[in-house]
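Text of the file start-v6.cif, holding mmCIF, C-alpha atoms:
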```
data_work
loop_
_atom_site.label_atom_id
_atom_site.label_comp_id
_atom_site.auth_asym_id
_atom_site.auth_seq_id
_atom_site.Cartn_x
_atom_site.Cartn_y
_atom_site.Cartn_z
CA MET A 1 -14.97 12.13 -0.61
CA ALA A 2 -12.41 9.64 0.71
CA ASN A 3 -10.45 10.07 3.89
CA LEU A 4 -6.73 10.53 3.25
CA ALA A 5 -3.68 9.44 5.24
CA MET A 6 -0.42 11.00 4.08
CA PHE A 7 2.73 9.23 5.23
CA ASP A 8 6.29 10.44 5.29
CA LEU A 9 8.60 7.68 4.05
CA ASP A 10 12.05 7.76 5.65
CA GLY A 11 11.83 7.30 9.41
CA THR A 12 8.09 6.67 9.30
CA LEU A 13 7.45 3.65 7.10
CA ILE A 14 11.00 2.56 6.40
CA ASP A 15 14.30 2.79 8.24
CA SER A 16 16.46 4.00 5.35
CA ARG A 17 19.20 5.46 7.53
CA ARG A 18 21.92 3.11 6.18
CA GLY A 19 21.43 4.12 2.56
CA ILE A 20 20.98 7.82 3.26
CA LEU A 21 24.00 8.08 5.55
CA HIS A 22 26.10 6.05 3.12
CA SER A 23 25.23 8.50 0.32
CA LEU A 24 25.69 11.61 2.46
CA HIS A 25 29.12 10.47 3.68
CA LEU A 26 30.35 9.79 0.16
CA THR A 27 29.02 13.13 -1.10
CA LEU A 28 30.57 15.13 1.76
CA ASP A 29 33.84 13.23 1.33
CA ALA A 30 33.93 14.38 -2.28
CA TYR A 31 33.71 17.98 -1.08
CA GLY A 32 36.50 17.51 1.44
CA VAL A 33 34.26 17.90 4.47
CA ASP A 34 35.71 16.44 7.67
CA ARG A 35 34.00 13.17 8.55
CA VAL A 36 30.63 13.84 10.20
CA THR A 37 29.23 11.40 12.75
CA ASP A 38 26.24 9.23 11.86
CA ALA A 39 24.36 10.72 14.82
CA ASP A 40 24.83 14.25 13.51
CA LEU A 41 23.78 13.33 9.98
CA THR A 42 20.72 11.48 11.27
CA LYS A 43 19.44 14.69 12.86
CA HIS A 44 19.09 16.16 9.37
CA ILE A 45 17.21 13.30 7.72
CA GLY A 46 13.85 14.63 6.62
CA ALA A 47 15.11 18.08 5.68
CA SER A 48 15.57 18.96 2.02
CA LEU A 49 18.91 17.98 0.51
CA TRP A 50 19.56 21.61 -0.31
CA ARG A 51 19.25 22.55 3.36
CA ILE A 52 21.46 19.65 4.42
CA PHE A 53 24.26 20.65 2.06
CA GLU A 54 23.82 24.33 2.88
CA HIS A 55 24.54 23.36 6.48
CA TYR A 56 27.57 21.15 5.86
CA LEU A 57 29.11 23.03 2.93
CA HIS A 58 28.54 26.42 4.59
CA THR A 59 27.22 28.04 1.45
CA THR A 60 23.99 29.33 -0.05
CA ASP A 61 25.41 29.34 -3.59
CA LYS A 62 22.65 27.63 -5.59
CA SER A 63 25.01 26.26 -8.23
CA VAL A 64 27.15 24.59 -5.55
CA LEU A 65 24.12 23.19 -3.74
CA ASP A 66 22.52 21.95 -6.97
CA ALA A 67 25.75 20.14 -7.84
CA ALA A 68 25.97 18.55 -4.38
CA VAL A 69 22.35 17.39 -4.59
CA ALA A 70 22.97 15.92 -8.05
CA LYS A 71 26.06 14.08 -6.80
CA TYR A 72 24.18 12.69 -3.80
CA ARG A 73 21.34 11.49 -6.01
CA HIS A 74 23.74 9.78 -8.40
CA ILE A 75 25.33 7.92 -5.49
CA TYR A 76 22.00 7.15 -3.82
CA ARG A 77 20.35 5.93 -7.03
CA ASP A 78 23.26 3.59 -7.72
CA GLY A 79 22.32 1.23 -4.88
CA PRO A 80 22.02 2.79 -1.40
CA MET A 81 18.37 3.73 -2.02
CA PHE A 82 17.51 0.06 -1.47
CA GLU A 83 19.40 -0.17 1.83
CA TYR A 84 16.36 -0.01 4.09
CA ASP A 85 14.12 -2.02 6.40
CA ILE A 86 10.37 -1.67 6.84
CA TYR A 87 9.54 -0.83 10.45
CA GLU A 88 7.83 -3.57 12.42
CA GLY A 89 4.05 -3.30 12.25
CA VAL A 90 3.96 -0.95 9.25
CA VAL A 91 2.62 -3.42 6.69
CA ASP A 92 -0.16 -4.57 9.02
CA ALA A 93 -1.04 -0.94 9.84
CA LEU A 94 -1.34 0.03 6.17
CA GLN A 95 -3.37 -3.10 5.50
CA GLN A 96 -5.81 -2.15 8.26
CA LEU A 97 -6.17 1.40 6.91
CA HIS A 98 -6.82 -0.07 3.47
CA ARG A 99 -9.60 -2.21 4.97
CA ASN A 100 -11.02 0.90 6.64
CA ASP A 101 -11.30 2.61 3.23
CA VAL A 102 -8.64 5.19 4.06
CA ARG A 103 -6.69 6.27 1.00
CA VAL A 104 -2.97 5.96 1.80
CA VAL A 105 -0.41 8.09 -0.03
CA ILE A 106 3.25 8.90 0.47
CA ALA A 107 4.28 12.53 1.02
CA THR A 108 8.07 12.64 1.15
CA ALA A 109 10.76 15.24 0.54
CA LYS A 110 12.62 12.53 -1.39
CA ALA A 111 12.42 12.96 -5.18
CA HIS A 112 9.19 11.26 -6.21
CA GLU A 113 10.79 9.09 -8.90
CA TYR A 114 13.15 7.56 -6.33
CA ALA A 115 10.47 7.25 -3.66
CA ARG A 116 8.11 5.61 -6.12
CA GLU A 117 10.72 3.02 -7.09
CA VAL A 118 11.42 2.20 -3.43
CA VAL A 119 7.74 1.86 -2.56
CA MET A 120 6.47 0.14 -5.67
CA THR A 121 9.16 -2.54 -5.74
CA GLY A 122 8.60 -3.60 -2.13
CA LYS A 123 5.99 -4.88 0.31
CA LEU A 124 4.32 -1.47 0.71
CA ALA A 125 3.13 -1.29 -2.90
CA THR A 126 -0.13 -3.17 -2.31
CA PHE A 127 -1.41 -0.63 0.21
CA VAL A 128 -0.09 2.69 -1.18
CA HIS A 129 -2.36 4.41 -3.68
CA HIS A 130 0.08 7.08 -4.85
CA VAL A 131 3.58 8.38 -4.13
CA TYR A 132 4.09 12.15 -3.89
CA GLY A 133 7.55 13.63 -3.52
CA SER A 134 9.70 16.54 -4.55
CA GLU A 135 10.71 17.40 -8.10
CA LEU A 136 14.34 17.09 -9.16
CA ASP A 137 14.57 20.90 -9.38
CA GLY A 138 13.53 21.26 -5.73
CA ARG A 139 9.84 22.06 -6.13
CA ASN A 140 7.68 20.66 -3.32
CA VAL A 141 10.75 19.71 -1.28
CA GLU A 142 9.37 21.66 1.70
CA LYS A 143 6.53 19.85 3.47
CA ASN A 144 4.33 22.98 3.54
CA ASP A 145 4.31 23.02 -0.26
CA LEU A 146 4.15 19.25 -0.67
CA ILE A 147 1.14 18.75 1.60
CA ARG A 148 -0.69 21.58 -0.13
CA HIS A 149 0.08 19.94 -3.48
CA VAL A 150 -1.16 16.54 -2.28
CA LEU A 151 -4.45 17.96 -1.00
CA THR A 152 -5.05 19.69 -4.32
CA ALA A 153 -4.08 16.66 -6.41
CA GLU A 154 -6.25 14.34 -4.32
CA GLY A 155 -9.17 16.77 -4.17
CA VAL A 156 -9.44 16.30 -0.40
CA ASP A 157 -10.32 18.94 2.19
CA ALA A 158 -7.77 19.44 4.95
CA GLY A 159 -10.33 18.30 7.53
CA ARG A 160 -10.48 14.84 5.93
CA ALA A 161 -6.72 14.31 5.89
CA VAL A 162 -4.02 13.25 8.36
CA MET A 163 -0.25 13.62 8.02
CA VAL A 164 1.96 11.00 9.67
CA GLY A 165 5.66 11.66 10.13
CA ASP A 166 8.70 11.47 12.37
CA ARG A 167 10.18 14.96 12.00
CA HIS A 168 9.03 18.49 12.76
CA HIS A 169 8.96 19.21 9.01
CA ASP A 170 6.00 16.82 8.71
CA ILE A 171 4.13 18.30 11.66
CA ASP A 172 4.86 21.92 10.74
CA GLY A 173 3.71 21.28 7.18
CA ALA A 174 0.48 19.75 8.44
CA VAL A 175 -0.19 22.68 10.78
CA ALA A 176 0.45 25.18 7.98
CA ASN A 177 -2.20 23.46 5.86
CA GLY A 178 -4.79 22.90 8.59
CA VAL A 179 -4.23 19.12 8.56
CA SER A 180 -4.25 16.92 11.66
CA SER A 181 -0.97 15.14 12.35
CA ILE A 182 0.53 12.12 14.04
CA GLY A 183 4.13 12.04 15.21
CA VAL A 184 5.85 8.65 15.32
CA LEU A 185 8.41 8.28 18.09
CA TYR A 186 10.18 5.25 16.62
CA GLY A 187 11.72 7.27 13.76
CA TYR A 188 14.54 9.81 13.53
CA GLY A 189 12.86 12.70 15.33
CA THR A 190 12.59 13.60 19.00
CA LEU A 191 9.68 14.07 21.34
CA ASP A 192 10.48 17.78 21.65
CA GLU A 193 10.26 18.45 17.92
CA LEU A 194 6.98 16.56 17.58
CA HIS A 195 5.16 18.44 20.35
CA ARG A 196 2.76 20.14 17.89
CA ALA A 197 1.37 16.84 16.63
CA ASN A 198 -2.24 16.01 17.48
CA ARG A 199 -1.25 12.45 18.41
CA LEU A 200 1.98 10.65 19.23
CA VAL A 201 2.56 6.93 18.79
CA ASP A 202 5.37 4.72 20.00
CA TYR A 203 4.72 1.87 17.59
CA ALA A 204 3.43 1.52 14.04
CA SER A 205 0.75 -0.86 15.30
CA GLU A 206 -0.94 2.14 16.97
CA LEU A 207 -1.38 4.03 13.70
CA PRO A 208 -4.75 2.67 12.46
CA VAL A 209 -6.54 3.69 15.66
CA ALA A 210 -4.81 7.07 15.83
CA VAL A 211 -5.63 7.85 12.19
CA SER A 212 -9.25 6.77 12.60
CA GLU A 213 -9.73 8.89 15.73
CA LEU A 214 -8.39 12.03 14.05
CA LEU A 215 -10.45 11.52 10.91
CA ALA A 216 -13.57 11.03 13.05
CA ALA A 217 -12.94 14.13 15.17
#
```
Write-out of the structure in structure tokens:
Amino acid sequence: MANLAMFDLDGTLIDSRRGILHSLHLTLDAYGVDRVTDADLTKHIGASLWRIFEHYLHTTDKSVLDAAVAKYRHIYRDGPMFEYDIYEGVVDALQQLHRNDVRVVIATAKAHEYAREVVMTGKLATFVHHVYGSELDGRNVEKNDLIRHVLTAEGVDAGRAVMVGDRHHDIDGAVANGVSSIGVLYGYGTLDELHRANRLVDYASELPVAVSELLAA
């Protein structure tokens, strides 16, 4: 059975803040929401879109939230999804994991069809075996559910897997599934929210060693 490294996408492998904030601003503008600061919006990156719009639109009405998510996705898909930069050291880190026979997959709350297009049209494609994300109807948007789905789909025991992410959603989802986790401090999260991670790294270049140590534990 292969060892598995699951990676969050936004804030972990790529800095997609520009495209996400661009799309969120335009969506919230359409709903007449007073302009929100980039810093405030950034705090919510990594959460499901439904939770983000529940927060800013002050509603739990599913029809309203579904419409807001659909509008965001239309805007995002039309160009901003490609407004990103790969973090320094990420490509080399994934290449090293590939050499170490670690199966690398993406586990992101982003809709899998969008995440797959971002990954498979860029420099990460060579080293990513599969892209897992949420469904358009919201299934697997929570990391608890997504990680469980990935483990089942990959046929890997929790003890042979590691989750790498920048937000508490990633770490909490790993803990809920009995998976070891690595928190990256160069992303959108904070040290406080990543305190449950088994390892913390400041730079992507540290990831191969951290992943190997947890898989060997």
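Considering the residues A:Asp66, A:Asp202, A:Asp172, A:Asp38 and counting all atoms listed in the file, Glu142 in chain A has its shortest atom-to-atom contact with A:Asp172.
For the residues A:Thr108, A:Asn3, A:Asn100, A:Thr121, ranking by smallest atom-to-atom distance to Arg167 in chain A using only C-alpha atoms places A:Thr108 first.
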TODO: List, as a count of residues only, every residue that the PyMOL selection byres ((chain A and resi 53-65) around 10) selects in the file provided.
DONE: 22
Considering only C-alpha atoms, tabulate each residue of range 51-159 of chain A that lies at most 9 Å from range 4-11 of chain A along with its nearest interatomic pair and the corresponding distance in Å to one decimal; arrange the rows by chain and ascending residue number and present them as CSV.
```
residue,atom,partner,partner_atom,distance
A:Tyr87,CA,A:Gly11,CA,8.5
A:Leu97,CA,A:Ala5,CA,8.6
A:Val102,CA,A:Leu4,CA,5.7
A:Arg103,CA,A:Leu4,CA,4.8
A:Val104,CA,A:Ala5,CA,4.9
A:Val105,CA,A:Met6,CA,5.0
A:Ile106,CA,A:Phe7,CA,4.8
A:Ala107,CA,A:Asp8,CA,5.2
A:Thr108,CA,A:Asp8,CA,5.0
A:Ala109,CA,A:Asp8,CA,8.1
A:Lys110,CA,A:Leu9,CA,8.3
A:Ala115,CA,A:Leu9,CA,7.9
A:Val119,CA,A:Leu9,CA,8.8
A:Ile147,CA,A:Met6,CA,8.3
A:Val150,CA,A:Met6,CA,8.5
A:Leu151,CA,A:Leu4,CA,8.9
A:Glu154,CA,A:Leu4,CA,8.5
A:Val156,CA,A:Leu4,CA,7.3
```
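Coordinates place CA of Phe127 in chain A at a distance of 6.0 Å from CA of Leu94 in chain A.
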Open item on the list: What's the separation between CA of His25 in chain A and CA of Glu113 in chain A, in Å to one decimal place?
Closed with: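 So the two atoms, CA of His25 in chain A and CA of Glu113 in chain A, lie 22.3 Å apart.
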- [ ] Can you work out which one of A:Val90, A:Ala2, A:Ile20, A:Ala210 has the shortest atom-to-atom distance to Lys43 in chain A, counting all atoms listed in the file?
- [x]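 Checking each of A:Val90, A:Ala2, A:Ile20, A:Ala210 against Lys43 in chain A, counting all atoms listed in the file, the winner is A:Ile20.
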Task: Closest of A:Ala153, A:Ala93, A:Ala161, A:Val179 to Tyr203 in chain A - atom-to-atom distances counting all atoms listed in the file - done: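 For Tyr203 in chain A, the nearest of the given residues is A:Ala93.
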